[in-house]
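Participant: So I've got this file, model17.pdb, and it contains PDB, C-alpha atoms and all ligand atoms:
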ATOM      1  CA  MET A   1       0.000   0.000   0.000
ATOM      2  CA  ALA A   2       1.463   3.361  -0.979
ATOM      3  CA  THR A   3       1.750   6.079   1.638
ATOM      4  CA  GLU A   4      -0.865   8.118  -0.216
ATOM      5  CA  ASN A   5      -3.412   5.478   0.760
ATOM      6  CA  LYS A   6      -2.364   5.286   4.442
ATOM      7  CA  ASN A   7      -2.026   8.085   6.977
ATOM      8  CA  LEU A   8       1.309   7.549   8.722
ATOM      9  CA  SER A   9       0.086   9.127  11.950
ATOM     10  CA  GLN A  10      -2.937   6.951  12.635
ATOM     11  CA  TYR A  11      -2.739   4.356  15.427
ATOM     12  CA  ASP A  12      -5.103   2.705  17.891
ATOM     13  CA  LYS A  13      -3.745   3.037  21.428
ATOM     14  CA  ASN A  14      -5.789  -0.001  22.395
ATOM     15  CA  THR A  15      -3.481  -2.111  20.240
ATOM     16  CA  ILE A  16      -0.229  -0.583  21.535
ATOM     17  CA  PRO A  17       1.585  -1.899  24.635
ATOM     18  CA  ASN A  18       2.135   0.613  27.451
ATOM     19  CA  ALA A  19       5.690   1.962  27.116
ATOM     20  CA  LYS A  20       6.122   3.238  30.693
ATOM     21  CA  ASP A  21       9.085   0.921  31.330
ATOM     22  CA  PHE A  22      10.652   1.315  27.894
ATOM     23  CA  ARG A  23      13.761   3.407  27.120
ATOM     24  CA  PHE A  24      14.352   4.799  23.632
ATOM     25  CA  GLY A  25      17.300   6.321  21.807
ATOM     26  CA  ILE A  26      16.520   8.592  18.871
ATOM     27  CA  VAL A  27      19.343   9.468  16.468
ATOM     28  CA  VAL A  28      18.513  12.414  14.211
ATOM     29  CA  SER A  29      20.280  13.524  11.024
ATOM     30  CA  GLU A  30      20.999  17.267  10.714
ATOM     31  CA  TRP A  31      20.606  17.215   6.913
ATOM     32  CA  ASN A  32      17.158  18.626   6.014
ATOM     33  CA  ASP A  33      16.704  19.470   9.683
ATOM     34  CA  THR A  34      13.291  21.108   9.278
ATOM     35  CA  ILE A  35      12.068  17.716   8.111
ATOM     36  CA  THR A  36      14.020  15.577  10.566
ATOM     37  CA  ASN A  37      12.973  17.742  13.495
ATOM     38  CA  GLY A  38       9.364  17.307  12.381
ATOM     39  CA  LEU A  39       9.874  13.547  12.293
ATOM     40  CA  PHE A  40      11.449  13.671  15.752
ATOM     41  CA  GLU A  41       8.535  15.654  17.199
ATOM     42  CA  GLY A  42       6.097  13.142  15.755
ATOM     43  CA  ALA A  43       8.020  10.244  17.215
ATOM     44  CA  LYS A  44       8.438  11.904  20.626
ATOM     45  CA  ALA A  45       4.752  12.787  20.851
ATOM     46  CA  ALA A  46       3.685   9.233  20.071
ATOM     47  CA  LEU A  47       6.149   7.725  22.552
ATOM     48  CA  LEU A  48       4.867  10.035  25.310
ATOM     49  CA  ASP A  49       1.243   9.410  24.322
ATOM     50  CA  CYS A  50       1.825   5.671  24.771
ATOM     51  CA  GLY A  51       3.297   6.044  28.256
ATOM     52  CA  THR A  52       7.021   6.602  27.748
ATOM     53  CA  LEU A  53       8.610   8.737  30.486
ATOM     54  CA  PRO A  54      10.338  11.890  29.141
ATOM     55  CA  GLU A  55      13.591  10.885  30.809
ATOM     56  CA  ASN A  56      13.531   7.647  28.843
ATOM     57  CA  ILE A  57      13.877   9.384  25.483
ATOM     58  CA  ILE A  58      17.529  10.122  24.619
ATOM     59  CA  ARG A  59      18.234  12.218  21.507
ATOM     60  CA  TRP A  60      21.556  12.403  19.659
ATOM     61  CA  ASP A  61      22.123  14.427  16.485
ATOM     62  CA  VAL A  62      24.489  13.310  13.678
ATOM     63  CA  PRO A  63      25.667  15.248  10.587
ATOM     64  CA  GLY A  64      23.808  13.246   7.927
ATOM     65  CA  SER A  65      21.803  10.107   7.314
ATOM     66  CA  PHE A  66      24.882   8.032   6.590
ATOM     67  CA  GLU A  67      26.057   8.755  10.144
ATOM     68  CA  LEU A  68      22.835   7.288  11.516
ATOM     69  CA  ILE A  69      24.514   3.891  11.312
ATOM     70  CA  PHE A  70      27.446   4.702  13.598
ATOM     71  CA  GLY A  71      25.337   6.915  15.860
ATOM     72  CA  SER A  72      22.749   4.171  16.347
ATOM     73  CA  LYS A  73      25.483   1.618  17.066
ATOM     74  CA  LYS A  74      27.014   3.824  19.764
ATOM     75  CA  MET A  75      23.585   4.565  21.221
ATOM     76  CA  ILE A  76      22.988   0.818  21.579
ATOM     77  CA  GLN A  77      26.444   0.177  23.014
ATOM     78  CA  THR A  78      26.435   2.923  25.637
ATOM     79  CA  GLN A  79      22.936   4.116  26.603
ATOM     80  CA  HIS A  80      21.141   0.917  27.733
ATOM     81  CA  VAL A  81      18.151   1.584  25.470
ATOM     82  CA  ASP A  82      15.455  -0.923  24.516
ATOM     83  CA  CYS A  83      15.213   0.420  20.975
ATOM     84  CA  VAL A  84      16.744   3.020  18.655
ATOM     85  CA  ILE A  85      14.826   5.120  16.140
ATOM     86  CA  ALA A  86      17.080   6.351  13.317
ATOM     87  CA  ILE A  87      15.630   9.511  11.733
ATOM     88  CA  GLY A  88      16.843  10.960   8.430
ATOM     89  CA  CYS A  89      15.658  12.607   5.234
ATOM     90  CA  VAL A  90      17.443  11.996   1.937
ATOM     91  CA  ILE A  91      16.250  14.041  -1.043
ATOM     92  CA  LYS A  92      17.274  13.322  -4.617
ATOM     93  CA  GLY A  93      19.800  15.753  -6.093
ATOM     94  CA  GLU A  94      21.583  15.863  -9.445
ATOM     95  CA  THR A  95      23.791  12.813  -8.970
ATOM     96  CA  MET A  96      23.782   9.180  -7.923
ATOM     97  CA  HIS A  97      24.748  10.191  -4.356
ATOM     98  CA  PHE A  98      21.098   9.842  -3.373
ATOM     99  CA  GLU A  99      21.018   6.182  -4.350
ATOM    100  CA  PHE A 100      24.251   5.355  -2.561
ATOM    101  CA  VAL A 101      23.271   7.154   0.657
ATOM    102  CA  CYS A 102      19.822   5.551   0.719
ATOM    103  CA  ASP A 103      21.140   2.076   0.026
ATOM    104  CA  GLY A 104      24.053   2.462   2.421
ATOM    105  CA  VAL A 105      21.862   3.571   5.295
ATOM    106  CA  THR A 106      19.325   0.868   4.538
ATOM    107  CA  GLN A 107      21.960  -1.851   4.586
ATOM    108  CA  GLY A 108      23.692  -0.377   7.623
ATOM    109  CA  ILE A 109      20.549  -0.258   9.717
ATOM    110  CA  LYS A 110      19.632  -3.745   8.571
ATOM    111  CA  ASP A 111      23.064  -4.889   9.754
ATOM    112  CA  LEU A 112      22.509  -3.324  13.182
ATOM    113  CA  ASN A 113      19.264  -5.298  13.538
ATOM    114  CA  VAL A 114      21.206  -8.461  12.780
ATOM    115  CA  LEU A 115      24.221  -7.728  14.982
ATOM    116  CA  TYR A 116      22.484  -6.411  18.116
ATOM    117  CA  ASP A 117      19.569  -7.619  20.245
ATOM    118  CA  VAL A 118      18.218  -4.063  20.302
ATOM    119  CA  PRO A 119      15.940  -3.142  17.391
ATOM    120  CA  THR A 120      16.809  -0.114  15.269
ATOM    121  CA  ILE A 121      13.771   1.385  13.558
ATOM    122  CA  PHE A 122      14.206   2.681   9.989
ATOM    123  CA  CYS A 123      12.731   6.179   9.937
ATOM    124  CA  LEU A 124      14.408   7.395   6.754
ATOM    125  CA  LEU A 125      12.581   9.455   4.160
ATOM    126  CA  THR A 126      13.975   8.797   0.675
ATOM    127  CA  ASP A 127      12.139  11.364  -1.390
ATOM    128  CA  ASN A 128      12.348  12.830  -4.848
ATOM    129  CA  THR A 129      11.283  16.303  -3.699
ATOM    130  CA  MET A 130      11.129  18.437  -0.577
ATOM    131  CA  GLN A 131       7.344  18.498  -0.915
ATOM    132  CA  GLN A 132       7.208  14.721  -0.565
ATOM    133  CA  SER A 133       9.242  15.062   2.628
ATOM    134  CA  ILE A 134       6.969  17.795   3.955
ATOM    135  CA  ASP A 135       3.926  15.656   3.219
ATOM    136  CA  ARG A 136       5.402  12.758   5.258
ATOM    137  CA  SER A 137       6.729  14.681   8.278
ATOM    138  CA  GLY A 138       3.469  16.132   9.567
ATOM    139  CA  GLY A 139       1.809  17.051   6.285
ATOM    140  CA  LYS A 140      -1.032  15.557   4.296
ATOM    141  CA  HIS A 141       0.251  12.003   4.595
ATOM    142  CA  GLY A 142       0.893  12.248   8.320
ATOM    143  CA  ASN A 143       4.198  11.786  10.113
ATOM    144  CA  LYS A 144       6.601   8.892   9.519
ATOM    145  CA  GLY A 145       8.113   9.668  12.916
ATOM    146  CA  THR A 146       4.820   8.691  14.519
ATOM    147  CA  GLU A 147       4.773   5.460  12.557
ATOM    148  CA  ALA A 148       8.358   4.746  13.631
ATOM    149  CA  ALA A 149       7.563   5.318  17.308
ATOM    150  CA  ILE A 150       4.669   2.877  17.213
ATOM    151  CA  ALA A 151       6.870   0.326  15.489
ATOM    152  CA  ALA A 152       9.513   0.898  18.169
ATOM    153  CA  ILE A 153       7.080   0.234  21.022
ATOM    154  CA  LYS A 154       5.775  -2.916  19.355
ATOM    155  CA  MET A 155       9.299  -4.233  18.728
ATOM    156  CA  VAL A 156      10.372  -3.658  22.348
ATOM    157  CA  ASP A 157       7.294  -5.603  23.467
ATOM    158  CA  ILE A 158       8.134  -8.444  21.094
ATOM    159  CA  ASN A 159      11.760  -8.444  22.253
ATOM    160  CA  ARG A 160      10.659  -8.840  25.890
ATOM    161  CA  LYS A 161       8.522 -11.941  25.273
TER
HETATM  162  N1  LIG B 201      22.333  14.591   0.518
HETATM  163  C1  LIG B 201      21.957  14.163   1.764
HETATM  164  C2  LIG B 201      22.867  13.686   2.705
HETATM  165  N2  LIG B 201      24.191  13.608   2.412
HETATM  166  C3  LIG B 201      25.210  13.500   3.433
HETATM  167  C4  LIG B 201      25.467  12.059   3.895
HETATM  168  O1  LIG B 201      24.361  11.549   4.648
HETATM  169  C5  LIG B 201      26.695  12.011   4.811
HETATM  170  O2  LIG B 201      26.480  12.857   5.923
HETATM  171  C6  LIG B 201      27.950  12.473   4.062
HETATM  172  O3  LIG B 201      28.113  11.683   2.895
HETATM  173  C7  LIG B 201      29.195  12.347   4.961
HETATM  174  O4  LIG B 201      29.350  11.015   5.369
HETATM  175  N3  LIG B 201      22.456  13.279   3.915
HETATM  176  C8  LIG B 201      21.117  13.315   4.243
HETATM  177  O5  LIG B 201      20.753  12.947   5.376
HETATM  178  N4  LIG B 201      20.201  13.766   3.337
HETATM  179  C9  LIG B 201      20.569  14.194   2.099
HETATM  180  O6  LIG B 201      19.693  14.600   1.298
HETATM  181  C1  LIG B 202      21.301  12.682  -1.383
HETATM  182  C2  LIG B 202      22.397  13.629  -1.670
HETATM  183  O1  LIG B 202      23.534  13.472  -1.238
HETATM  184  C3  LIG B 202      22.086  14.706  -2.636
HETATM  185  O2  LIG B 202      21.095  15.546  -2.062
HETATM  186  C4  LIG B 202      23.309  15.541  -2.974
HETATM  187  O3  LIG B 202      22.940  16.316  -4.090
HETATM  188  P1  LIG B 202      23.731  16.120  -5.479
HETATM  189  O4  LIG B 202      23.422  14.700  -5.949
HETATM  190  O5  LIG B 202      23.141  17.172  -6.405
HETATM  191  O6  LIG B 202      25.205  16.329  -5.206
END
Represent the structure of the file as structure tokens.

Facilitator:
Amino acid sequence: MATENKNLSQYDKNTIPNAKDFRFGIVVSEWNDTITNGLFEGAKAALLDCGTLPENIIRWDVPGSFELIFGSKKMIQTQHVDCVIAIGCVIKGETMHFEFVCDGVTQGIKDLNVLYDVPTIFCLLTDNTMQQSIDRSGGKHGNKGTEAAIAAIKMVDINRK
């Protein structure tokens, strides 16, 4: 189902575990920071709405989406979190750099989920235009940060079974 047919911000709290005992790391790329900050605010709001304590949300900023890999690894290794949400926004430019950054981050975050027993949630926008990013970070299609937070809570619950 394409995003245009699904609002990224919709969730039913009755189907979400209470996150009062959960601790989250959120690593945020500084590239396209108006977008990534919007994604962060969506994620933070959803985590709090589902019971997370404010002191259990740790935010680190990294220069760009490619650095989400190393930043998420260090967050897992040092901050005793139950889950990491990696937030970035990659927007197509003139060259193939877009493809390499998107693929590299995708593979890197996949590797973290294989190597560590702490889930890392993939909250990376890979858009052709800034408008697409705006639409998915609190615009007409909702907020992918909200979607990522709900995924994070569900994965922590699964990991504790
Ligand atoms: N063009 C975008 C980048 N590029 C920077 C890389 O992510 C990385 O920081 C650099 O190659 C140094 O390692 N990053 C984004 O997050 N979004 C972009 O649109
Ligand atoms: C995703 C990128 O790195 C890209 O925005 C950089 O732009 P360009 O491909 O024009 O150098």

Participant: What separation in Å, quoted to one decimal, exists between atom CA of Phe70 of chain A and atom CA of Asp49 of chain A?

Facilitator: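 These two atoms are separated by 28.7 Å.
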
Participant: For ligand LIG 202 (chain B), which residue among A:Trp60, A:Phe98, A:Phe66, A:Trp31 is the nearest when counting only C-alpha atoms and all ligand atoms?

Facilitator: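 Distance minimum relative to ligand LIG 202 (chain B) lands on A:Phe98.
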
Participant: Can you pull out the residues contacting segment 148-151 of chain A? Cut-off 8 Å, using only C-alpha atoms, and skip same-chain residues under 3 positions away; I want them as a PDB file with C-alpha atoms, in the coordinates of the input.

Facilitator:
ATOM      1  CA  TYR A  11      -2.739   4.356  15.427  1.00  0.00           C
ATOM      2  CA  ILE A  16      -0.229  -0.583  21.535  1.00  0.00           C
ATOM      3  CA  ALA A  43       8.020  10.244  17.215  1.00  0.00           C
ATOM      4  CA  LYS A  44       8.438  11.904  20.626  1.00  0.00           C
ATOM      5  CA  ALA A  46       3.685   9.233  20.071  1.00  0.00           C
ATOM      6  CA  LEU A  47       6.149   7.725  22.552  1.00  0.00           C
ATOM      7  CA  ILE A  85      14.826   5.120  16.140  1.00  0.00           C
ATOM      8  CA  ILE A 121      13.771   1.385  13.558  1.00  0.00           C
ATOM      9  CA  PHE A 122      14.206   2.681   9.989  1.00  0.00           C
ATOM     10  CA  CYS A 123      12.731   6.179   9.937  1.00  0.00           C
ATOM     11  CA  LYS A 144       6.601   8.892   9.519  1.00  0.00           C
ATOM     12  CA  GLY A 145       8.113   9.668  12.916  1.00  0.00           C
ATOM     13  CA  LYS A 154       5.775  -2.916  19.355  1.00  0.00           C
ATOM     14  CA  MET A 155       9.299  -4.233  18.728  1.00  0.00           C
TER      15      MET A 155
END

Participant: Go through chain A and flag each residue having an atom no more than 10 Å from ligand LIG 201 (chain B); for those, report the closest pair of atoms plus their distance in Å to one decimal, using only C-alpha atoms and all ligand atoms, ordered by chain and rising number, as a Markdown table.

Facilitator:
| residue | atom | partner | partner_atom | distance |
| --- | --- | --- | --- | --- |
| A:Val28 | CA | B:LIG201 | O5 | 9.1 |
| A:Ser29 | CA | B:LIG201 | O5 | 5.7 |
| A:Glu30 | CA | B:LIG201 | O5 | 6.9 |
| A:Trp31 | CA | B:LIG201 | O5 | 4.5 |
| A:Asn32 | CA | B:LIG201 | N4 | 6.3 |
| A:Asp33 | CA | B:LIG201 | O5 | 8.8 |
| A:Thr36 | CA | B:LIG201 | O5 | 8.9 |
| A:Val62 | CA | B:LIG201 | O2 | 8.0 |
| A:Pro63 | CA | B:LIG201 | O2 | 5.3 |
| A:Gly64 | CA | B:LIG201 | O2 | 3.4 |
| A:Ser65 | CA | B:LIG201 | O5 | 3.6 |
| A:Phe66 | CA | B:LIG201 | O1 | 4.1 |
| A:Glu67 | CA | B:LIG201 | O2 | 5.9 |
| A:Leu68 | CA | B:LIG201 | O1 | 8.2 |
| A:Ile87 | CA | B:LIG201 | O5 | 8.9 |
| A:Gly88 | CA | B:LIG201 | O5 | 5.3 |
| A:Cys89 | CA | B:LIG201 | N4 | 5.1 |
| A:Val90 | CA | B:LIG201 | O6 | 3.5 |
| A:Ile91 | CA | B:LIG201 | O6 | 4.2 |
| A:Lys92 | CA | B:LIG201 | O6 | 6.5 |
| A:Gly93 | CA | B:LIG201 | N1 | 7.2 |
| A:Thr95 | CA | B:LIG201 | N1 | 9.8 |
| A:His97 | CA | B:LIG201 | N1 | 7.0 |
| A:Phe98 | CA | B:LIG201 | N1 | 6.3 |
| A:Glu99 | CA | B:LIG201 | N1 | 9.8 |
| A:Phe100 | CA | B:LIG201 | O3 | 9.2 |
| A:Val101 | CA | B:LIG201 | O1 | 6.0 |
| A:Cys102 | CA | B:LIG201 | O1 | 8.5 |
| A:Gly104 | CA | B:LIG201 | O1 | 9.4 |
| A:Val105 | CA | B:LIG201 | O1 | 8.4 |
| A:Leu124 | CA | B:LIG201 | O5 | 8.5 |
| A:Leu125 | CA | B:LIG201 | N4 | 8.8 |
| A:Thr126 | CA | B:LIG201 | O6 | 8.2 |
| A:Asp127 | CA | B:LIG201 | O6 | 8.6 |
| A:Asn128 | CA | B:LIG201 | O6 | 9.7 |
| A:Thr129 | CA | B:LIG201 | O6 | 9.9 |
| A:Met130 | CA | B:LIG201 | O6 | 9.6 |

Participant: Using all atoms listed in the file, which of the listed residues (A:Arg23, A:Lys110, A:Arg59, A:Lys6) sits closest to Val156 of chain A?

Facilitator: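 Going through A:Arg23, A:Lys110, A:Arg59, A:Lys6 one by one, the smallest distance to Val156 of chain A is for A:Arg23.
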
Participant: Missing atoms in segment 67-78 of chain A should be modelled up to N, CA and C atoms and reported as a tab-separated table (two decimals), in the coordinates of the input.

Facilitator:
chain	number	residue	atom	x	y	z
A	67	GLU	N	25.53	8.87	8.77
A	67	GLU	CA	26.06	8.76	10.14
A	67	GLU	C	25.04	8.17	11.13
A	68	LEU	N	23.82	7.95	10.65
A	68	LEU	CA	22.84	7.29	11.52
A	68	LEU	C	23.30	5.89	11.92
A	69	ILE	N	24.06	5.26	11.04
A	69	ILE	CA	24.51	3.89	11.31
A	69	ILE	C	25.43	3.86	12.53
A	70	PHE	N	26.50	4.68	12.48
A	70	PHE	CA	27.45	4.70	13.60
A	70	PHE	C	26.79	5.27	14.85
A	71	GLY	N	25.99	6.32	14.70
A	71	GLY	CA	25.34	6.92	15.86
A	71	GLY	C	24.40	5.94	16.55
A	72	SER	N	23.66	5.16	15.76
A	72	SER	CA	22.75	4.17	16.35
A	72	SER	C	23.53	3.06	17.04
A	73	LYS	N	24.64	2.65	16.44
A	73	LYS	CA	25.48	1.62	17.07
A	73	LYS	C	25.97	2.08	18.43
A	74	LYS	N	26.50	3.31	18.50
A	74	LYS	CA	27.01	3.82	19.76
A	74	LYS	C	25.90	4.04	20.76
A	75	MET	N	24.74	4.42	20.33
A	75	MET	CA	23.58	4.57	21.22
A	75	MET	C	23.27	3.21	21.86
A	76	ILE	N	23.25	2.16	21.06
A	76	ILE	CA	22.99	0.82	21.58
A	76	ILE	C	24.07	0.38	22.56
A	77	GLN	N	25.32	0.66	22.22
A	77	GLN	CA	26.44	0.18	23.01
A	77	GLN	C	26.59	0.90	24.35
A	78	THR	N	26.10	2.12	24.45
A	78	THR	CA	26.44	2.92	25.64
A	78	THR	C	25.25	3.42	26.46
